[in-house]
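Note: the block below is query.txt and it holds compact mmCIF, N, CA and C atoms.
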# COMPACT_ATOMS: atom_id res chain seq x y z
N MET A 30 17.36 -13.82 66.19
CA MET A 30 18.17 -12.88 66.93
C MET A 30 19.26 -12.32 66.02
N HIS A 31 19.71 -11.12 66.33
CA HIS A 31 20.77 -10.49 65.57
C HIS A 31 21.98 -10.31 66.46
N GLY A 32 23.17 -10.47 65.86
CA GLY A 32 24.42 -10.28 66.57
C GLY A 32 24.76 -8.80 66.68
N GLU A 33 25.94 -8.52 67.18
CA GLU A 33 26.37 -7.13 67.38
C GLU A 33 26.48 -6.37 66.07
N ASP A 34 26.80 -7.04 64.97
CA ASP A 34 26.98 -6.37 63.68
C ASP A 34 25.65 -6.15 62.95
N GLY A 35 24.51 -6.52 63.58
CA GLY A 35 23.22 -6.32 62.95
C GLY A 35 22.83 -7.44 62.01
N GLN A 36 23.71 -8.40 61.78
CA GLN A 36 23.42 -9.52 60.89
C GLN A 36 22.81 -10.66 61.70
N PRO A 37 21.99 -11.49 61.07
CA PRO A 37 21.39 -12.63 61.79
C PRO A 37 22.48 -13.56 62.32
N GLU A 38 22.23 -14.09 63.53
CA GLU A 38 23.18 -15.03 64.10
C GLU A 38 23.08 -16.36 63.38
N ASP A 39 24.19 -17.09 63.37
CA ASP A 39 24.21 -18.41 62.74
C ASP A 39 23.35 -19.36 63.55
N ARG A 40 22.50 -20.11 62.84
CA ARG A 40 21.69 -21.13 63.48
C ARG A 40 21.82 -22.39 62.68
N PRO A 41 21.92 -23.50 63.32
CA PRO A 41 21.98 -24.75 62.56
C PRO A 41 20.63 -25.00 61.88
N ASP A 42 20.69 -25.50 60.65
CA ASP A 42 19.46 -25.82 59.93
C ASP A 42 18.79 -27.03 60.57
N VAL A 43 17.48 -27.04 60.50
CA VAL A 43 16.69 -28.12 61.08
C VAL A 43 16.67 -29.27 60.10
N ALA A 44 16.78 -30.48 60.62
CA ALA A 44 16.78 -31.67 59.76
C ALA A 44 15.41 -31.84 59.13
N SER A 45 15.40 -32.25 57.87
CA SER A 45 14.13 -32.49 57.17
C SER A 45 13.78 -33.96 57.28
N ASP A 46 12.63 -34.32 56.72
CA ASP A 46 12.20 -35.71 56.76
C ASP A 46 13.14 -36.59 55.94
N ILE A 47 13.80 -36.02 54.92
CA ILE A 47 14.66 -36.80 54.04
C ILE A 47 16.01 -37.07 54.70
N GLY A 48 16.50 -36.20 55.45
CA GLY A 48 17.80 -36.32 56.08
C GLY A 48 18.25 -34.96 56.55
N SER A 49 19.43 -34.88 57.10
CA SER A 49 19.87 -33.59 57.60
C SER A 49 20.47 -32.76 56.47
N VAL A 50 20.33 -31.45 56.61
CA VAL A 50 20.88 -30.52 55.65
C VAL A 50 22.05 -29.81 56.32
N GLU A 51 23.14 -29.69 55.56
CA GLU A 51 24.30 -29.01 56.13
C GLU A 51 24.04 -27.52 56.20
N ALA A 52 24.53 -26.90 57.23
CA ALA A 52 24.41 -25.45 57.37
C ALA A 52 25.29 -24.78 56.33
N PRO A 53 24.83 -23.65 55.74
CA PRO A 53 25.66 -22.97 54.75
C PRO A 53 26.94 -22.45 55.39
N SER A 54 28.00 -22.48 54.60
CA SER A 54 29.28 -22.00 55.12
C SER A 54 29.27 -20.48 55.21
N ARG A 55 30.27 -19.91 55.90
CA ARG A 55 30.37 -18.45 56.02
C ARG A 55 30.53 -17.81 54.64
N ALA A 56 31.26 -18.44 53.73
CA ALA A 56 31.46 -17.89 52.39
C ALA A 56 30.13 -17.80 51.65
N GLN A 57 29.28 -18.86 51.81
CA GLN A 57 27.98 -18.85 51.16
C GLN A 57 27.09 -17.74 51.72
N LYS A 58 27.12 -17.57 53.04
CA LYS A 58 26.32 -16.53 53.66
C LYS A 58 26.80 -15.15 53.20
N SER A 59 28.11 -15.00 53.12
CA SER A 59 28.68 -13.72 52.69
C SER A 59 28.29 -13.40 51.25
N SER A 60 28.34 -14.42 50.37
CA SER A 60 27.99 -14.17 48.98
C SER A 60 26.49 -13.87 48.85
N ARG A 61 25.67 -14.47 49.69
CA ARG A 61 24.23 -14.17 49.68
C ARG A 61 23.99 -12.73 50.11
N ARG A 62 24.69 -12.28 51.13
CA ARG A 62 24.56 -10.90 51.59
C ARG A 62 25.00 -9.93 50.50
N ASP A 63 26.11 -10.28 49.85
CA ASP A 63 26.60 -9.42 48.77
C ASP A 63 25.56 -9.33 47.65
N LEU A 64 24.95 -10.46 47.33
CA LEU A 64 23.93 -10.48 46.29
C LEU A 64 22.73 -9.62 46.68
N LEU A 65 22.32 -9.70 47.94
CA LEU A 65 21.22 -8.87 48.41
C LEU A 65 21.57 -7.39 48.33
N ARG A 66 22.80 -7.05 48.71
CA ARG A 66 23.23 -5.65 48.63
C ARG A 66 23.21 -5.17 47.19
N LEU A 67 23.72 -6.01 46.29
CA LEU A 67 23.76 -5.67 44.88
C LEU A 67 22.34 -5.48 44.33
N SER A 68 21.43 -6.34 44.74
CA SER A 68 20.04 -6.22 44.31
C SER A 68 19.43 -4.91 44.79
N ALA A 69 19.73 -4.54 46.01
CA ALA A 69 19.21 -3.28 46.55
C ALA A 69 19.74 -2.10 45.76
N LEU A 70 21.00 -2.12 45.38
CA LEU A 70 21.58 -1.03 44.60
C LEU A 70 20.97 -1.00 43.20
N GLY A 71 20.74 -2.16 42.62
CA GLY A 71 20.13 -2.22 41.29
C GLY A 71 18.73 -1.62 41.31
N GLY A 72 17.97 -1.90 42.34
CA GLY A 72 16.63 -1.32 42.47
C GLY A 72 16.69 0.19 42.55
N ALA A 73 17.65 0.72 43.28
CA ALA A 73 17.80 2.17 43.39
C ALA A 73 18.16 2.78 42.04
N ALA A 74 18.97 2.10 41.27
CA ALA A 74 19.36 2.62 39.96
C ALA A 74 18.16 2.67 39.03
N ILE A 75 17.31 1.67 39.09
CA ILE A 75 16.12 1.65 38.23
C ILE A 75 15.18 2.79 38.61
N ILE A 76 14.99 3.00 39.89
CA ILE A 76 14.14 4.09 40.35
C ILE A 76 14.70 5.43 39.90
N THR A 77 16.01 5.56 39.90
CA THR A 77 16.65 6.81 39.50
C THR A 77 16.55 7.03 38.00
N ILE A 78 16.67 5.99 37.20
CA ILE A 78 16.69 6.12 35.75
C ILE A 78 15.29 6.37 35.18
N ARG A 79 14.29 5.74 35.70
CA ARG A 79 12.95 5.85 35.12
C ARG A 79 12.43 7.29 35.02
N PRO A 80 12.57 8.14 36.04
CA PRO A 80 12.10 9.52 35.85
C PRO A 80 12.85 10.22 34.71
N GLY A 81 14.12 9.92 34.54
CA GLY A 81 14.88 10.50 33.44
C GLY A 81 14.34 10.07 32.10
N MET A 82 13.94 8.81 32.00
CA MET A 82 13.36 8.31 30.76
C MET A 82 12.03 9.00 30.49
N ALA A 83 11.25 9.20 31.53
CA ALA A 83 9.97 9.88 31.38
C ALA A 83 10.17 11.32 30.94
N GLN A 84 11.19 11.96 31.51
CA GLN A 84 11.49 13.34 31.13
C GLN A 84 11.93 13.40 29.67
N ALA A 85 12.73 12.44 29.23
CA ALA A 85 13.17 12.41 27.84
C ALA A 85 11.99 12.21 26.91
N ALA A 86 11.08 11.32 27.29
CA ALA A 86 9.89 11.09 26.46
C ALA A 86 9.03 12.34 26.39
N ALA A 87 8.91 13.05 27.50
CA ALA A 87 8.12 14.28 27.50
C ALA A 87 8.77 15.34 26.64
N SER A 88 10.10 15.44 26.68
CA SER A 88 10.77 16.46 25.88
C SER A 88 10.66 16.16 24.39
N VAL A 89 10.58 14.90 24.02
CA VAL A 89 10.38 14.53 22.61
C VAL A 89 9.04 15.08 22.15
N ASN A 90 8.02 14.96 22.96
CA ASN A 90 6.69 15.43 22.59
C ASN A 90 6.58 16.95 22.62
N MET A 91 7.55 17.63 23.19
CA MET A 91 7.50 19.09 23.28
C MET A 91 8.31 19.77 22.17
N CYS A 92 9.11 19.04 21.42
CA CYS A 92 9.94 19.68 20.40
C CYS A 92 9.08 20.08 19.20
N THR A 93 9.61 21.02 18.42
CA THR A 93 8.92 21.51 17.24
C THR A 93 9.90 21.60 16.07
N ILE A 94 9.37 21.63 14.88
CA ILE A 94 10.20 21.77 13.68
C ILE A 94 9.63 22.90 12.83
N ALA A 95 10.48 23.87 12.53
CA ALA A 95 10.10 24.95 11.62
C ALA A 95 10.24 24.44 10.19
N VAL A 96 9.20 24.65 9.40
CA VAL A 96 9.19 24.18 8.01
C VAL A 96 8.97 25.38 7.10
N PRO A 97 9.94 25.79 6.32
CA PRO A 97 11.36 25.40 6.39
C PRO A 97 12.05 26.11 7.56
N ASP A 98 13.31 25.80 7.75
CA ASP A 98 14.04 26.41 8.87
C ASP A 98 14.17 27.92 8.64
N ALA A 99 14.51 28.63 9.70
CA ALA A 99 14.54 30.10 9.66
C ALA A 99 15.45 30.65 8.57
N ALA A 100 16.56 29.98 8.28
CA ALA A 100 17.49 30.45 7.27
C ALA A 100 16.89 30.43 5.87
N ARG A 101 15.89 29.57 5.65
CA ARG A 101 15.28 29.45 4.31
C ARG A 101 13.78 29.74 4.35
N SER A 102 13.38 30.62 5.24
CA SER A 102 11.96 30.89 5.46
C SER A 102 11.25 31.53 4.28
N THR A 103 11.99 32.08 3.34
CA THR A 103 11.36 32.68 2.16
C THR A 103 11.03 31.64 1.09
N LYS A 104 11.54 30.43 1.24
CA LYS A 104 11.29 29.35 0.27
C LYS A 104 9.94 28.70 0.53
N TRP A 105 9.38 28.10 -0.50
CA TRP A 105 8.16 27.32 -0.38
C TRP A 105 8.52 25.84 -0.46
N ILE A 106 7.59 24.99 -0.08
CA ILE A 106 7.84 23.55 -0.06
C ILE A 106 7.02 22.90 -1.18
N LYS A 107 7.74 22.21 -2.05
CA LYS A 107 7.11 21.50 -3.16
C LYS A 107 6.48 20.21 -2.63
N SER A 108 5.59 19.60 -3.38
CA SER A 108 4.90 18.38 -2.96
C SER A 108 5.83 17.27 -2.53
N ASP A 109 7.01 17.19 -3.17
CA ASP A 109 7.95 16.13 -2.82
C ASP A 109 8.85 16.49 -1.63
N GLY A 110 8.64 17.67 -1.06
CA GLY A 110 9.40 18.08 0.12
C GLY A 110 10.63 18.92 -0.16
N THR A 111 10.91 19.20 -1.41
CA THR A 111 12.07 20.05 -1.73
C THR A 111 11.69 21.52 -1.61
N LEU A 112 12.69 22.35 -1.36
CA LEU A 112 12.47 23.79 -1.25
C LEU A 112 12.58 24.42 -2.63
N VAL A 113 11.66 25.31 -2.93
CA VAL A 113 11.62 25.97 -4.24
C VAL A 113 11.34 27.46 -4.03
N SER A 114 11.44 28.20 -5.12
CA SER A 114 11.12 29.63 -5.07
C SER A 114 9.63 29.83 -4.82
N LYS A 115 9.33 30.98 -4.26
CA LYS A 115 7.94 31.36 -3.97
C LYS A 115 7.09 31.26 -5.24
N ASN A 116 5.85 30.81 -5.08
CA ASN A 116 4.86 30.68 -6.15
C ASN A 116 5.19 29.65 -7.22
N THR A 117 6.08 28.72 -6.94
CA THR A 117 6.35 27.62 -7.87
C THR A 117 5.13 26.70 -7.88
N ALA A 118 4.82 26.14 -9.06
CA ALA A 118 3.67 25.22 -9.18
C ALA A 118 3.83 24.04 -8.22
N ASN A 119 2.71 23.57 -7.70
CA ASN A 119 2.67 22.43 -6.76
C ASN A 119 3.55 22.66 -5.53
N SER A 120 3.59 23.91 -5.06
CA SER A 120 4.35 24.20 -3.83
C SER A 120 3.49 25.03 -2.89
N TYR A 121 3.89 25.05 -1.64
CA TYR A 121 3.09 25.71 -0.61
C TYR A 121 3.99 26.53 0.30
N PRO A 122 3.46 27.64 0.80
CA PRO A 122 4.24 28.40 1.77
C PRO A 122 4.36 27.57 3.05
N GLY A 123 5.42 27.79 3.80
CA GLY A 123 5.59 27.05 5.05
C GLY A 123 4.52 27.40 6.07
N PRO A 124 4.33 26.55 7.05
CA PRO A 124 3.37 26.83 8.11
C PRO A 124 3.72 28.13 8.83
N THR A 125 2.73 28.79 9.38
CA THR A 125 2.95 30.06 10.06
C THR A 125 3.68 29.89 11.40
N SER A 126 3.63 28.69 11.96
CA SER A 126 4.37 28.41 13.19
C SER A 126 4.97 27.01 13.08
N PRO A 127 6.01 26.73 13.88
CA PRO A 127 6.64 25.40 13.82
C PRO A 127 5.63 24.29 14.10
N LEU A 128 5.84 23.15 13.48
CA LEU A 128 4.96 22.00 13.67
C LEU A 128 5.34 21.26 14.95
N LYS A 129 4.33 20.79 15.66
CA LYS A 129 4.54 20.11 16.94
C LYS A 129 4.87 18.63 16.72
N ALA A 130 5.68 18.11 17.62
CA ALA A 130 6.15 16.72 17.52
C ALA A 130 4.98 15.73 17.43
N ALA A 131 3.98 15.90 18.25
CA ALA A 131 2.84 14.96 18.25
C ALA A 131 2.14 14.97 16.89
N ASP A 132 1.99 16.16 16.30
CA ASP A 132 1.35 16.25 14.99
C ASP A 132 2.22 15.62 13.91
N ILE A 133 3.52 15.84 14.00
CA ILE A 133 4.46 15.25 13.03
C ILE A 133 4.42 13.73 13.12
N LYS A 134 4.44 13.24 14.34
CA LYS A 134 4.41 11.79 14.55
C LYS A 134 3.14 11.18 13.96
N ASN A 135 2.00 11.84 14.18
CA ASN A 135 0.74 11.34 13.62
C ASN A 135 0.74 11.41 12.09
N ALA A 136 1.29 12.48 11.55
CA ALA A 136 1.34 12.62 10.09
C ALA A 136 2.21 11.53 9.47
N ILE A 137 3.34 11.23 10.10
CA ILE A 137 4.24 10.21 9.57
C ILE A 137 3.63 8.81 9.72
N ASN A 138 3.12 8.52 10.91
CA ASN A 138 2.63 7.17 11.19
C ASN A 138 1.23 6.88 10.64
N TYR A 139 0.36 7.90 10.62
CA TYR A 139 -1.04 7.65 10.26
C TYR A 139 -1.52 8.49 9.08
N ASN A 140 -0.61 9.22 8.45
CA ASN A 140 -0.93 10.03 7.27
C ASN A 140 -2.03 11.05 7.55
N THR A 141 -2.00 11.65 8.75
CA THR A 141 -2.98 12.67 9.10
C THR A 141 -2.50 14.04 8.62
N SER A 142 -3.41 14.99 8.56
CA SER A 142 -3.06 16.35 8.18
C SER A 142 -2.71 17.16 9.43
N TYR A 143 -1.89 18.17 9.24
CA TYR A 143 -1.57 19.08 10.34
C TYR A 143 -2.77 20.00 10.56
N PRO A 144 -3.03 20.34 11.81
CA PRO A 144 -4.18 21.21 12.11
C PRO A 144 -4.08 22.53 11.33
N GLY A 145 -5.15 22.85 10.59
CA GLY A 145 -5.22 24.10 9.86
C GLY A 145 -4.64 24.04 8.45
N TYR A 146 -4.18 22.87 8.00
CA TYR A 146 -3.56 22.76 6.68
C TYR A 146 -4.24 21.65 5.89
N THR A 147 -4.23 21.80 4.57
CA THR A 147 -4.86 20.81 3.70
C THR A 147 -4.03 19.53 3.68
N SER A 148 -4.61 18.51 3.12
CA SER A 148 -3.92 17.23 2.98
C SER A 148 -2.67 17.38 2.11
N ALA A 149 -2.79 18.15 1.02
CA ALA A 149 -1.65 18.35 0.11
C ALA A 149 -0.52 19.12 0.80
N GLN A 150 -0.87 20.18 1.54
CA GLN A 150 0.14 20.94 2.28
C GLN A 150 0.82 20.04 3.32
N SER A 151 0.02 19.31 4.06
CA SER A 151 0.56 18.44 5.11
C SER A 151 1.50 17.40 4.53
N SER A 152 1.13 16.85 3.39
CA SER A 152 1.99 15.86 2.73
C SER A 152 3.32 16.49 2.33
N ALA A 153 3.29 17.70 1.79
CA ALA A 153 4.52 18.39 1.40
C ALA A 153 5.40 18.66 2.63
N TYR A 154 4.78 19.11 3.73
CA TYR A 154 5.54 19.40 4.95
C TYR A 154 6.16 18.13 5.52
N THR A 155 5.40 17.05 5.51
CA THR A 155 5.92 15.77 6.01
C THR A 155 7.08 15.29 5.14
N ASN A 156 6.95 15.44 3.82
CA ASN A 156 8.04 15.05 2.93
C ASN A 156 9.29 15.89 3.19
N TYR A 157 9.12 17.17 3.47
CA TYR A 157 10.25 18.04 3.81
C TYR A 157 10.93 17.52 5.08
N ILE A 158 10.14 17.23 6.09
CA ILE A 158 10.68 16.76 7.38
C ILE A 158 11.43 15.44 7.20
N LYS A 159 10.90 14.55 6.40
CA LYS A 159 11.55 13.26 6.16
C LYS A 159 12.90 13.41 5.48
N LYS A 160 13.11 14.54 4.79
CA LYS A 160 14.38 14.78 4.09
C LYS A 160 15.42 15.50 4.95
N LEU A 161 15.06 15.84 6.20
CA LEU A 161 16.02 16.53 7.06
C LEU A 161 17.24 15.63 7.30
N THR A 162 18.39 16.25 7.30
CA THR A 162 19.63 15.49 7.53
C THR A 162 20.34 16.04 8.76
N GLN A 163 21.25 15.25 9.27
CA GLN A 163 21.99 15.65 10.46
C GLN A 163 22.68 16.99 10.21
N GLY A 164 22.54 17.89 11.18
CA GLY A 164 23.15 19.21 11.06
C GLY A 164 22.17 20.28 10.62
N THR A 165 20.99 19.87 10.15
CA THR A 165 19.99 20.86 9.75
C THR A 165 19.02 21.10 10.90
N ALA A 166 18.45 22.30 10.93
CA ALA A 166 17.50 22.65 11.99
C ALA A 166 16.32 21.69 11.95
N GLY A 167 15.94 21.18 13.10
CA GLY A 167 14.80 20.27 13.21
C GLY A 167 15.17 18.81 13.15
N PHE A 168 16.41 18.49 12.75
CA PHE A 168 16.78 17.09 12.61
C PHE A 168 16.74 16.34 13.94
N THR A 169 17.23 16.97 15.00
CA THR A 169 17.26 16.30 16.31
C THR A 169 15.85 15.95 16.77
N CYS A 170 14.92 16.88 16.58
CA CYS A 170 13.52 16.60 16.93
C CYS A 170 12.98 15.46 16.09
N PHE A 171 13.22 15.50 14.78
CA PHE A 171 12.76 14.45 13.90
C PHE A 171 13.35 13.09 14.29
N ALA A 172 14.64 13.07 14.59
CA ALA A 172 15.30 11.81 14.98
C ALA A 172 14.70 11.27 16.28
N SER A 173 14.38 12.15 17.22
CA SER A 173 13.81 11.69 18.49
C SER A 173 12.39 11.18 18.31
N ILE A 174 11.68 11.71 17.34
CA ILE A 174 10.33 11.20 17.05
C ILE A 174 10.42 9.81 16.45
N GLN A 175 11.42 9.62 15.57
CA GLN A 175 11.60 8.33 14.91
C GLN A 175 12.11 7.26 15.87
N ASN A 176 12.95 7.64 16.81
CA ASN A 176 13.57 6.68 17.72
C ASN A 176 13.31 7.07 19.18
N PRO A 177 12.09 6.92 19.67
CA PRO A 177 11.81 7.29 21.05
C PRO A 177 12.59 6.40 22.03
N ALA A 178 12.91 7.02 23.21
CA ALA A 178 13.64 6.31 24.22
C ALA A 178 12.89 5.24 24.84

For this file, produce the structure as structure tokens.
Amino acid sequence: MHGEDGQPEDRPDVASDIGSVEAPSRAQKSSRRDLLRLSALGGAAIITIRPGMAQAAASVNMCTIAVPDAARSTKWIKSDGTLVSKNTANSYPGPTSPLKAADIKNAINYNTSYPGYTSAQSSAYTNYIKKLTQGTAGFTCFASIQNPA
């Protein structure tokens, strides 16, 4: 049965085979209710946070990196990832479109080539991306690929 406040009415505990058990005090019942309320709030917080984490993970996979960035688009990328003048030996023109996060992640983790580019070009582009520093275009995308949520 429930009392007027919607809470279960106090009932004496039934004696066990070992002996009688004391009924919990009002303070114990109150702290149990508080714990249940806190647990319910914690569950709601988890439900609220998880979609945000999923959205963050999806946005990481949607980012792209221009190689090289727009400000230096006339430069070519040398095998070691440095930017050089056009037609320098062992260098390649940048990709025609920004590289996708999933492709970058695969190139870094599994040494795969970017779609439509040779192994040597892909290696140069990956080396360029690995040299990105904070404040340069593409760094945030690269950092999110390296440290997923």

Residues of segment 88-107 of chain A within 5 Å of segment 117-139 of chain A: nearest atom pair and distance (Å, one decimal) for each, counting all atoms listed in the file, sorted by chain and number, as a Markdown table?
| residue | atom | partner | partner_atom | distance |
| --- | --- | --- | --- | --- |
| A:Cys92 | C | A:Ala130 | N | 4.2 |
| A:Thr93 | CA | A:Leu128 | C | 4.3 |
| A:Ile94 | C | A:Leu128 | N | 3.9 |
| A:Ala95 | CA | A:Pro127 | CA | 4.1 |
| A:Val96 | C | A:Gly123 | CA | 4.3 |
| A:Pro97 | N | A:Gly123 | CA | 4.7 |
| A:Trp105 | CA | A:Tyr121 | C | 4.3 |
| A:Ile106 | C | A:Tyr121 | N | 3.8 |
| A:Lys107 | CA | A:Ser120 | CA | 3.9 |

For those residues, write N, CA and C atoms to a file as a compact mmCIF listing (two decimals), in the coordinates of the input.
# COMPACT_ATOMS: atom_id res chain seq x y z
N CYS A 92 9.11 19.04 21.42
CA CYS A 92 9.94 19.68 20.40
C CYS A 92 9.08 20.08 19.20
N THR A 93 9.61 21.02 18.42
CA THR A 93 8.92 21.51 17.24
C THR A 93 9.90 21.60 16.07
N ILE A 94 9.37 21.63 14.88
CA ILE A 94 10.20 21.77 13.68
C ILE A 94 9.63 22.90 12.83
N ALA A 95 10.48 23.87 12.53
CA ALA A 95 10.10 24.95 11.62
C ALA A 95 10.24 24.44 10.19
N VAL A 96 9.20 24.65 9.40
CA VAL A 96 9.19 24.18 8.01
C VAL A 96 8.97 25.38 7.10
N PRO A 97 9.94 25.79 6.32
CA PRO A 97 11.36 25.40 6.39
C PRO A 97 12.05 26.11 7.56
N TRP A 105 9.38 28.10 -0.50
CA TRP A 105 8.16 27.32 -0.38
C TRP A 105 8.52 25.84 -0.46
N ILE A 106 7.59 24.99 -0.08
CA ILE A 106 7.84 23.55 -0.06
C ILE A 106 7.02 22.90 -1.18
N LYS A 107 7.74 22.21 -2.05
CA LYS A 107 7.11 21.50 -3.16
C LYS A 107 6.48 20.21 -2.63

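For the pair atom C of Thr103 of chain A and atom N of Asn176 of chain A, the interatomic distance is 28.8 Å.
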
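If you look at atom CA of Ser108 of chain A and atom CA of Asn140 of chain A, they are 14.4 Å away from each other.
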
Would you list the residues near (10.2, 15.3, 2.9) (no more than 5 Å away, in the coordinates of the file, using only N, CA and C atoms) as a PDB file with N, CA and C atoms, keeping the file's coordinate frame?
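Saved as selection26.pdb:
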ATOM      1  N   ASP A 109       7.010  17.190  -3.170  1.00  0.00           N
ATOM      2  CA  ASP A 109       7.950  16.130  -2.820  1.00  0.00           C
ATOM      3  C   ASP A 109       8.850  16.490  -1.630  1.00  0.00           C
ATOM      4  N   GLY A 110       8.640  17.670  -1.060  1.00  0.00           N
ATOM      5  CA  GLY A 110       9.400  18.080   0.120  1.00  0.00           C
ATOM      6  C   GLY A 110      10.630  18.920  -0.160  1.00  0.00           C
ATOM      7  N   THR A 155       5.400  17.050   5.510  1.00  0.00           N
ATOM      8  CA  THR A 155       5.920  15.770   6.010  1.00  0.00           C
ATOM      9  C   THR A 155       7.080  15.290   5.140  1.00  0.00           C
ATOM     10  N   ASN A 156       6.950  15.440   3.820  1.00  0.00           N
ATOM     11  CA  ASN A 156       8.040  15.050   2.930  1.00  0.00           C
ATOM     12  C   ASN A 156       9.290  15.890   3.190  1.00  0.00           C
ATOM     13  N   TYR A 157       9.120  17.170   3.470  1.00  0.00           N
ATOM     14  CA  TYR A 157      10.250  18.040   3.810  1.00  0.00           C
ATOM     15  C   TYR A 157      10.930  17.520   5.080  1.00  0.00           C
ATOM     16  N   ILE A 158      10.140  17.230   6.090  1.00  0.00           N
ATOM     17  CA  ILE A 158      10.680  16.760   7.380  1.00  0.00           C
ATOM     18  C   ILE A 158      11.430  15.440   7.200  1.00  0.00           C
ATOM     19  N   LYS A 159      10.900  14.550   6.400  1.00  0.00           N
ATOM     20  CA  LYS A 159      11.550  13.260   6.160  1.00  0.00           C
ATOM     21  C   LYS A 159      12.900  13.410   5.480  1.00  0.00           C
ATOM     22  N   LYS A 160      13.110  14.540   4.790  1.00  0.00           N
ATOM     23  CA  LYS A 160      14.380  14.780   4.090  1.00  0.00           C
ATOM     24  C   LYS A 160      15.420  15.500   4.950  1.00  0.00           C
TER      25      LYS A 160
END

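You will find atom CA of Gly167 of chain A at 24.1 Å from atom CA of Asn116 of chain A.
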